[in-house]
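Colleague: Input: one structure, supplied below.
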There are 2 protein chains.
Amino acid sequence: MSPEKAASYIKSGMTVGLSGFSTGAPKVIPIEIVKPGKVKNLTVIQGAGVGLLKELAESGSVSRYAAFQWSREMHNSINSGNISFTDIHLGQLSSKLRNGVFGKMDYAIIECSGINEDGGIVPSISLGINNTLLDCAEKVLLEINLAVPAGIEGMHDIYKNDFKPLNGILERKGETVFRCDPEKIAGIVITDHLEPKINFRDTNEVYQDIARQVLTLLDKEIRANRLPRDFTLQAGVGGVANAVLQGLSEGGYRSLKMFTEVLADGALDFVKSGVITEASTTTLDLSPIGLETFFGNTEFYKKHIVLRPLEISNGVAQISAMGLVAMNTALEADIYGNINSTNAMGMKMLNGIGGSNDFCRSAKLSIFITPATAKNGAISSIVPMVSHVDSTEHDVDVIATEYGYADLRGKSPKERVKEIIENCVHPDYRQQLWDYYKGALELCGPCQTPHDLSKALSWHQRFIKTGSMKQF
Amino acid sequence: MSPEKAASYIKSGMTVGLSGFSTGAPKVIPIEIVKPGKVKNLTVIQGAGVGLLKELAESGSVSRYAAFQWSREMHNSINSGNISFTDIHLGQLSSKLRNGVFGKMDYAIIECSGINEDGGIVPSISLGINNTLLDCAEKVLLEINLAVPAGIEGMHDIYKNDFKPLNGILERKGETVFRCDPEKIAGIVITDHLEPKINFRDTNEVYQDIARQVLTLLDKEIRANRLPRDFTLQAGVGGVANAVLQGLSEGGYRSLKMFTEVLADGALDFVKSGVITEASTTTLDLSPIGLETFFGNTEFYKKHIVLRPLEISNGVAQISAMGLVAMNTALEADIYGNINSTNAMGMKMLNGIGGSNDFCRSAKLSIFITPATAKNGAISSIVPMVSHVDSTEHDVDVIATEYGYADLRGKSPKERVKEIIENCVHPDYRQQLWDYYKGALELCGPCQTPHDLSKALSWHQRFIKTGSMKQF
């Protein structure tokens, strides 16, 4: 049917699940739904949204959204309160949906690449929560995207979370297609749309320097026999992850494994060169060039890459069994090792927690990376007390910036302070942090975690007031 | 050998692992070790310490301790900085030890109840990290406690974490005894000591009221088919847990399951009456009367209770598969649902995080309980911003006090504020919290999590300065 016809089923107040974990979102129906004057008060549930979010956020048709979102327009709508946003661990999104946390799911709108003769629905280039949406929704609308080649079939391993560890990254426990009662399918729309262009931050000198610190750490762990040479890595996308993989490649590492939620262009190169031989992900976040490479070599990549539902890629039972190195980005960290991933100055929501805590909480080695400063030095990424906590001091083994890394394992809060200030903080802020800590220590009496509560958040206050965290 | 002889093997600077998860600690060797003038600078690793800690903390012989600790003297030594304390998720303690986070383990001192002819070491009434200590330590000292009857054999299910879900609470996957290379055993001491008396807080009216709120919630969940009638519960020890079980019993609930880390006297009664038919724990925290009951009926309790290593009882892979209701105590919560479990006023360490986040992070339904006030009303347990975070807003489904419960599932931070203030806060503090929130809302501009950073921690500052959080 036409996108207009399909969209007409969606009424005000409904809860709609959308496919897509960055890529793989439906391309034409949602845009029709949110055209001016059509519907209001929609709840939209999606694993992780990117391109489509601009239209959803600006339409005024959406009053609630979950989960991860990566769009300036959606940030604005969330922070202004026009859209209620629930920030949850992505690894729990499917179980929360199945437990009815977001109520009845009226429609699921799922992009796929085809439907087989036996009714199997062949996925597109991401899985996310699509299997859960197909299970939970009362009705389903499909978008068959002809731009995704038939060769993708066989790359997916789809099953509901069984809480059992995988016997290896490439083990297959599920089906390569979705199953859905045909009675539930309310309409099918044919599309032929490439993915919207994704802009990943390019690499730069700071990212290279952070990567060098991570490489030093990994090298040390491997030499100490705390990590095998063919270890398993979880990493986000972006400059540091790519530079780390590049460094591992140059260091002669081969046959590495990835168990992660996102693979981007860089990963395809490393799979091709044999640096990575086994990778599990819930999405391929590829640029147009990356997509061309991937679509032209699906048979090769199928031997090395498996796409799994978010509840598996981010499942703590699977992650804890992997013994993996998790590398996630912090927005800010504090001198005791707590991490803020989401709320700028403790208040303004950025993208959401995503899978960062799924991985770091159950990793064998949990690394958080961040440039030591932001806004041209006006913000120190290391502060006396983080203004919001997404991963606690208990979840964080190592913090790395371009200046070095702090190994927090087995250390008390007071020991962590020295480790973090001396190794991670930008020189402009080191003395200022020592001054805070020493003042707190004098004031607080006997205590495990010294703070001067009148100044603990003063760096954020100063930034809001003066535009800089620096004391003059 | 004599306790003195055994103790003489321990030299200054060594790392010593002690058995015991509250109960089951070695009774005589450690006391000898820390006698005045003997050794210094010991690192002591124990699953969870209670009685023995007074002597360890006051001896001046111990410079580092992990993990959970439940003693005023140990709190004091930690907060004064005499003992470095690393607070970690108990479910990760074994894997951290195996990964060498605390360095080489010189000696393990393990209480057991006997040694079989084939060398199998029959455990005492707690497991904790004993299997890990026996694996990791270079040398082992055993205390065979004759006060523990032989009938306890067969109650334990000992195996290294395989990250696989259990097929039911009573499934047995391991051995009933520890295995340890006899070459490692440096000495055996015979003892005959009952457990030191444990003082659990009695129940009171507030606990009864909190329990009533939890029962209302559970009832609602069961009626909505979000929870089976024979659900699985994790709960700490103490008045509220007992009152909840009492309420379930009076409500006609039978065949409940427990998957938890501690079972106390109350649980024995509920097992006897059939309210609980299957229970898994890592320790039995029993009073002298409880011990008498238990030791006199080991054959009966063996049919209903399994003791497992801490890495299993608190393993996230096992917990997430259980679909359990987790009920843990908060020291304070904030209006957005973040939980402080450890640091009074953000600074003074109490007992440590224990297993609270192991369970709440992977539970099907995660409940935090707290009386609405402390110190005769001078402290509100609900504050604008918690002064330390142990479980984040992402980990918490419900907060319950004696006034009601706040259901945070699927709600945005702004929606949570109303839910928490109206349902959970003591009437004396409700307006004061609304004033904070409304002030923050005016000041912060468009944002997801309104805060006035100049006042976010002012309640704690006021308490430190005036002895009360109340504004006059």
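Scheme for the structure tokens: letters A, B, ... for chains in order shown; per-chain residue numbers from 1; ligand numbers from 1 in order shown.
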Residues of chain A no more than 8 Å from chain B, counting only C-alpha atoms: send them over as a ChimeraX atom specification.
Modeller: /A:76,78-81,84-89,99-102,162-165,226,316-318,320-321,343,346-349,389-394,409-413,444-451,453-454,457-458,460-461
Colleague: Within 9 Å of Glu32 in chain A, counting only C-alpha atoms, which residues show up once you throw out same-chain ones fewer than 6 positions away? Write them as an MDAnalysis selection string, please.
Modeller: chainID A and resid 3:4 6:8 38
Colleague: Would you write out those residues with N, CA and C atoms, as a tab-separated table (two decimals), in the first residue's frame?
Modeller:
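Okay, result_2.tsv is ready:
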```tsv
chain	number	residue	atom	x	y	z
A	3	PRO	N	2.47	4.75	1.44
A	3	PRO	CA	2.84	5.20	2.79
A	3	PRO	C	1.69	5.98	3.44
A	4	GLU	N	0.95	6.75	2.63
A	4	GLU	CA	-0.16	7.55	3.17
A	4	GLU	C	-1.22	6.63	3.78
A	6	ALA	N	-0.83	3.51	4.80
A	6	ALA	CA	-0.29	2.85	6.00
A	6	ALA	C	-0.33	3.80	7.19
A	7	ALA	N	0.07	5.04	6.94
A	7	ALA	CA	0.14	6.03	8.02
A	7	ALA	C	-1.24	6.32	8.59
A	8	SER	N	-2.26	6.15	7.75
A	8	SER	CA	-3.61	6.51	8.19
A	8	SER	C	-4.13	5.61	9.33
A	38	LYS	N	-2.10	15.91	11.52
A	38	LYS	CA	-2.61	14.53	11.47
A	38	LYS	C	-2.87	13.95	12.86
```
Colleague: Would you please give, as a PyMOL selection string, all residues of range 280-455 of chain A that DSSP assigns to strand (DSSP E or B) based on the backbone?
Modeller: chain A and resi 280-281+283-285+305-307+325-329+332-334+339-340+343-344+348-349+365-369+373-374+379-380+382-383+391+398-401+404-407
Colleague: Counting only C-alpha atoms, which of B:Leu307, B:Val39, B:Ala264, B:Ile144 gets nearest to Gly128 in chain B?
Modeller: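 The shortest atom-to-atom distance to Gly128 in chain B comes from B:Leu307.
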Colleague: Go ahead and compute the interatomic distance for CA of Tyr405 in chain B and CA of Gly355 in chain A, in Å to one decimal.
Modeller: 28.3 Å
Colleague: For the atom pair CA of Leu433 in chain B and CA of Ser341 in chain B, what is the interatomic distance in Å to one decimal place?
Modeller: 20.7 Å
Colleague: Counting only C-alpha atoms, figure out which residue out of A:Ala378, A:Leu52, A:Leu133, A:Ile312 gets nearest to Gly17 in chain A.
Modeller: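 Looking only at the distances to Gly17 in chain A, the closest residue turns out to be A:Leu133.
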Colleague: Write out as a PyMOL selection string which residues come within 10 Å of Lys5 in chain A when counting only C-alpha atoms, dropping same-chain ones fewer than 4 positions away.
Modeller: chain A and resi 1+9-10+29+32-33+187-189
Colleague: Would you mind listing what lies within 12 Å of Pro196 in chain A as a list in words, with only C-alpha atoms counted and same-chain residues fewer than 6 positions away left out?
Modeller: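 The contact residues come out as Ser22, Thr23, Gly24, Ala25, Pro26, Lys27, Gly49, Val50, Gly51, Leu52, Leu53, Asp285, Leu286, Ser287, Pro288, Ile289 and Leu291 of chain A.
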Colleague: Between CA of Glu278 in chain B and CA of Ser113 in chain B, measure the distance and give it in Å to one decimal.
Modeller: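 Calculated distance between CA of Glu278 in chain B and CA of Ser113 in chain B is 23.8 Å.
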Colleague: So which bits of range 220-325 of chain B end up alpha helix (DSSP H) when you DSSP the backbone, as number ranges by chain?
Modeller: B: 220-223, 239-250, 265-272, 288-295, 298-302, 310-313, 316-322
Colleague: Leaving out Asn242 in chain A and any residue of its chain fewer than 3 positions from it, which residues lie within 9 Å of it when counting only C-alpha atoms, given as a list in words?
Modeller: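 Skipping anything fewer than 3 positions along the chain leaves Thr203, Ala211, Val237, Gly238, Gly239, Leu245, Gln246, Gly247, Gly266 and Ala267 of chain A.
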